[in-house]
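Enquirer: One file: structure-v2.txt (compact mmCIF, C-alpha atoms).
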```txt
# COMPACT_ATOMS: atom_id res chain seq x y z
CA MET A 1 -1.28 -23.46 19.90
CA ASP A 2 -0.28 -20.88 22.48
CA ASP A 3 -1.10 -17.16 22.36
CA ALA A 4 2.31 -16.17 20.97
CA ALA A 5 2.15 -18.71 18.14
CA ALA A 6 -1.39 -17.69 17.24
CA GLN A 7 -0.33 -14.07 17.11
CA ARG A 8 2.73 -14.77 14.93
CA SER A 9 0.92 -16.79 12.28
CA PRO A 10 -2.48 -15.33 11.45
CA PRO A 11 -4.65 -17.18 8.94
CA SER A 12 -3.28 -16.69 5.46
CA PRO A 13 -5.37 -15.20 2.63
CA PRO A 14 -5.78 -17.13 -0.63
CA HIS A 15 -2.52 -17.84 -2.42
CA SER A 16 -3.42 -15.71 -5.45
CA ILE A 17 -3.92 -12.64 -3.25
CA VAL A 18 -0.62 -13.27 -1.47
CA LEU A 19 1.22 -13.67 -4.80
CA ALA A 20 -0.30 -10.50 -6.24
CA ALA A 21 0.58 -8.56 -3.07
CA LYS A 22 4.16 -9.85 -3.20
CA ALA A 23 4.45 -8.90 -6.87
CA LEU A 24 3.17 -5.40 -6.10
CA ALA A 25 5.63 -5.11 -3.21
CA VAL A 26 8.49 -6.11 -5.53
CA LEU A 27 7.32 -3.45 -7.99
CA GLY A 28 7.33 -0.97 -5.11
CA GLY A 29 10.86 -2.00 -4.15
CA VAL A 30 12.13 -1.68 -7.69
CA THR A 31 10.47 1.73 -7.93
CA ALA A 32 12.12 2.81 -4.66
CA LEU A 33 15.50 1.74 -6.04
CA GLY A 34 14.78 3.72 -9.21
CA ILE A 35 13.95 6.81 -7.15
CA ALA A 36 17.19 6.40 -5.21
CA ALA A 37 19.15 6.14 -8.47
CA VAL A 38 17.51 9.25 -9.94
CA VAL A 39 18.02 11.30 -6.79
CA THR A 40 21.64 10.14 -6.44
CA THR A 41 22.31 10.92 -10.10
CA SER A 42 20.70 14.32 -9.74
CA VAL A 43 22.64 15.22 -6.60
CA LEU A 44 25.92 14.07 -8.14
CA GLY A 45 25.12 15.87 -11.38
CA ARG A 46 24.33 19.06 -9.48
CA TRP A 47 27.49 18.75 -7.38
CA LEU A 48 29.96 17.69 -10.08
CA PHE A 49 28.60 19.33 -13.22
CA ALA A 50 26.04 21.90 -11.99
CA SER A 51 23.50 19.90 -13.99
CA PRO A 52 20.82 18.04 -12.03
CA VAL A 53 18.35 15.62 -13.57
CA PRO A 54 15.49 17.77 -14.90
CA GLY A 55 12.27 17.08 -13.02
CA ASP A 56 13.98 14.95 -10.39
CA PHE A 57 11.49 16.08 -7.76
CA GLU A 58 8.58 15.05 -9.99
CA ILE A 59 10.09 11.63 -10.54
CA ALA A 60 10.63 11.29 -6.78
CA GLN A 61 7.04 12.36 -6.02
CA ILE A 62 5.44 10.04 -8.54
CA GLY A 63 7.76 7.17 -7.64
CA THR A 64 7.13 7.59 -3.92
CA ALA A 65 3.37 7.49 -4.44
CA ILE A 66 3.72 4.33 -6.53
CA THR A 67 5.99 2.77 -3.90
CA VAL A 68 3.68 3.50 -0.98
CA PHE A 69 0.54 2.27 -2.74
CA ALA A 70 2.38 -0.85 -3.95
CA PHE A 71 3.52 -1.81 -0.44
CA LEU A 72 0.15 -1.41 1.32
CA PRO A 73 -1.52 -4.72 0.32
CA TYR A 74 1.51 -6.80 1.34
CA CYS A 75 1.75 -4.88 4.59
CA GLN A 76 -1.88 -5.81 5.29
CA ILE A 77 -1.34 -9.48 4.51
CA VAL A 78 1.71 -9.82 6.77
CA ARG A 79 -0.04 -7.80 9.51
CA GLY A 80 2.62 -5.10 9.25
CA ASN A 81 0.35 -2.18 10.04
CA ILE A 82 0.68 -0.44 13.36
CA VAL A 83 -1.53 -2.06 15.98
CA VAL A 84 -2.53 -0.40 19.22
CA ASP A 85 -3.51 -3.31 21.42
CA THR A 86 -3.30 -1.69 24.84
CA PHE A 87 -6.81 -2.75 25.76
CA THR A 88 -6.95 -6.06 23.91
CA ALA A 89 -3.55 -7.62 24.69
CA ALA A 90 -4.89 -9.44 27.74
CA LEU A 91 -7.92 -10.85 25.90
CA PRO A 92 -8.00 -14.44 24.63
CA VAL A 93 -6.71 -14.94 21.08
CA ARG A 94 -10.16 -15.80 19.75
CA ILE A 95 -11.63 -12.48 20.94
CA ARG A 96 -8.60 -10.53 19.66
CA ASN A 97 -9.00 -12.23 16.29
CA ARG A 98 -12.65 -11.19 16.17
CA ILE A 99 -11.79 -7.59 17.04
CA ASP A 100 -8.93 -7.56 14.50
CA GLY A 101 -11.23 -9.08 11.89
CA LEU A 102 -13.83 -6.38 12.46
CA CYS A 103 -11.11 -3.73 12.23
CA ASP A 104 -9.98 -5.27 8.94
CA LEU A 105 -13.56 -4.99 7.66
CA VAL A 106 -13.62 -1.30 8.55
CA TYR A 107 -10.21 -0.87 6.89
CA ALA A 108 -11.49 -2.64 3.76
CA ALA A 109 -14.50 -0.31 3.61
CA ALA A 110 -12.31 2.76 4.07
CA MET A 111 -9.89 1.63 1.35
CA ALA A 112 -12.78 0.87 -1.00
CA MET A 113 -13.98 4.43 -0.44
CA VAL A 114 -10.48 5.82 -1.07
CA ALA A 115 -10.28 3.68 -4.23
CA ALA A 116 -13.59 5.10 -5.44
CA CYS A 117 -12.40 8.67 -4.80
CA LEU A 118 -9.13 7.98 -6.60
CA ALA A 119 -11.02 6.42 -9.51
CA ARG A 120 -13.05 9.61 -9.81
CA GLY A 121 -9.80 11.59 -9.59
CA THR A 122 -8.41 9.46 -12.41
CA PHE A 123 -11.29 10.42 -14.69
CA ASP A 124 -11.02 14.08 -13.70
CA THR A 125 -7.25 14.31 -14.27
CA TYR A 126 -7.63 12.45 -17.57
CA ALA A 127 -10.43 14.75 -18.74
CA SER A 128 -8.49 17.87 -17.79
CA GLN A 129 -5.28 16.50 -19.33
CA GLU A 130 -3.36 17.45 -16.18
CA VAL A 131 0.41 16.99 -16.46
CA SER A 132 3.40 17.49 -14.18
CA MET A 133 5.08 20.87 -14.24
CA VAL A 134 8.57 20.16 -15.61
CA LEU A 135 8.48 16.85 -17.45
CA ARG A 136 4.84 17.15 -18.58
CA ILE A 137 4.08 13.61 -17.37
CA PRO A 138 0.32 12.88 -17.43
CA VAL A 139 -1.02 12.67 -13.88
CA TRP A 140 -3.91 10.27 -14.45
CA PRO A 141 -1.89 7.00 -14.70
CA GLY A 142 -0.43 7.55 -11.24
CA VAL A 143 -3.84 8.29 -9.77
CA ALA A 144 -5.25 5.22 -11.52
CA PHE A 145 -2.46 3.07 -10.08
CA GLY A 146 -3.32 4.36 -6.61
CA ALA A 147 -6.99 3.56 -7.17
CA LEU A 148 -6.19 0.01 -8.27
CA CYS A 149 -3.84 -0.56 -5.34
CA CYS A 150 -6.43 0.73 -2.86
CA ALA A 151 -9.09 -1.51 -4.41
CA PHE A 152 -6.73 -4.47 -4.12
CA LEU A 153 -5.90 -3.44 -0.55
CA ALA A 154 -9.63 -3.56 0.22
CA VAL A 155 -9.75 -7.11 -1.19
CA ALA A 156 -6.68 -8.08 0.86
CA ALA A 157 -8.24 -6.63 4.02
CA LEU A 158 -11.45 -8.58 3.35
CA ALA A 159 -9.38 -11.74 2.95
CA THR A 160 -7.50 -11.17 6.21
CA ALA A 161 -10.76 -10.32 7.97
CA ARG A 162 -12.31 -13.52 6.71
CA GLY A 163 -9.39 -15.55 8.01
CA LEU A 164 -9.44 -13.87 11.40
CA LEU A 165 -13.20 -14.16 11.80
CA ARG A 166 -13.15 -17.87 10.88
CA THR A 167 -10.43 -18.95 13.30
CA ARG A 168 -11.37 -21.37 16.04
CA THR A 169 -8.50 -20.45 18.37
```
Take the structure I supplied and represent it as structure tokens, if you would.

Expert:
Amino acid sequence: MDDAAAQRSPPSPPHSIVLAAKALAVLGGVTALGIAAVVTTSVLGRWLFASPVPGDFEIAQIGTAITVFAFLPYCQIVRGNIVVDTFTAALPVRIRNRIDGLCDLVYAAAMAMVAACLARGTFDTYASQEVSMVLRIPVWPGVAFGALCCAFLAVAALATARGLLRTRT
């Protein structure tokens, strides 16, 4: 296997993790389409009837957060994150895989920490019964979704790190 082929097809995480990440990404895509529909309806309603969708900005904010968190695990699995490889591009694939694997471990730890913070935020927003301003949507389910996605992202990053650190190339 040459360097280009090794770079294009990194070791794949377990099938169950890949399927769950794909399902989350589809949920993110559907949510993004829903946001687009709400915003389009609101803009047209404002323009044609002087009647926008109430709380359209809240729906867009919540939906965007859901979309971003839903896409992150799949992005990790397909190695879609931005990579700055200025200093490592000339290294052999095996060494690059080791460095990338270690970076994935750091990423997993960071996302686990973010997940823990979001979990705490979930309990706090639930206890305070915080709701959105216009539609009075409870905030805690969105924060909980973010926490779960970050926890799953940490698992996905561990899986990709494991694959990279175990390669023989």

Enquirer: List every protein, DNA or RNA residue with an atom no more than 7 Å from (18.1, 15.2, -10.2) in the file's coordinates, counting only C-alpha atoms, and format the result as a CSV table (one decimal) with C-alpha atoms, in the frame of the given file.

Expert:
```csv
chain,number,residue,atom,x,y,z
A,38,VAL,CA,17.5,9.2,-9.9
A,39,VAL,CA,18.0,11.3,-6.8
A,41,THR,CA,22.3,10.9,-10.1
A,42,SER,CA,20.7,14.3,-9.7
A,43,VAL,CA,22.6,15.2,-6.6
A,52,PRO,CA,20.8,18.0,-12.0
A,53,VAL,CA,18.4,15.6,-13.6
A,54,PRO,CA,15.5,17.8,-14.9
A,55,GLY,CA,12.3,17.1,-13.0
A,56,ASP,CA,14.0,15.0,-10.4
```

Enquirer: Which distance in Å separates atom CA of Asn97 of chain A and atom CA of Cys75 of chain A, to one decimal?

Expert: 17.5 Å

Enquirer: Hey, can you pull every residue with an atom no more than 12 Å from (3.9, 11.4, -17.1), using only C-alpha atoms, and send it as an MDAnalysis selection string?

Expert: chainID A and resid 55 58:59 61:63 125:126 129:143

Enquirer: Calculated over all atoms listed in the file, which of the candidates A:Ala50, A:Leu102, A:Val26, A:Val18 has the smallest distance to Ile66 of chain A?

Expert: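 Ranking A:Ala50, A:Leu102, A:Val26, A:Val18 by distance to Ile66 of chain A, first place goes to A:Val26.
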
Enquirer: Counting all atoms listed in the file, which of A:Trp47, A:Phe152, A:Phe145, A:Tyr107 gets nearest to Tyr74 of chain A?

Expert: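 Smallest separation from Tyr74 of chain A among the options: A:Phe152.
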
Enquirer: So, with only C-alpha atoms as the atoms that count, which of A:Cys149, A:Ile77, A:Ala90, A:Ala70 lies closest to Ser12 of chain A?

Expert: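 Ranked by minimum distance to Ser12 of chain A, first place goes to A:Ile77.
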
Enquirer: Could you tell me which of A:Gly80, A:Gly28, A:Pro73, A:Gly101 comes closest to Val155 of chain A if we count all atoms listed in the file?

Expert: A:Pro73

Enquirer: Between atom CA of Ala32 of chain A and atom CA of Leu19 of chain A, measure the distance and give it in Å to one decimal.

Expert: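 For atom CA of Ala32 of chain A relative to atom CA of Leu19 of chain A, the distance reads 19.8 Å.
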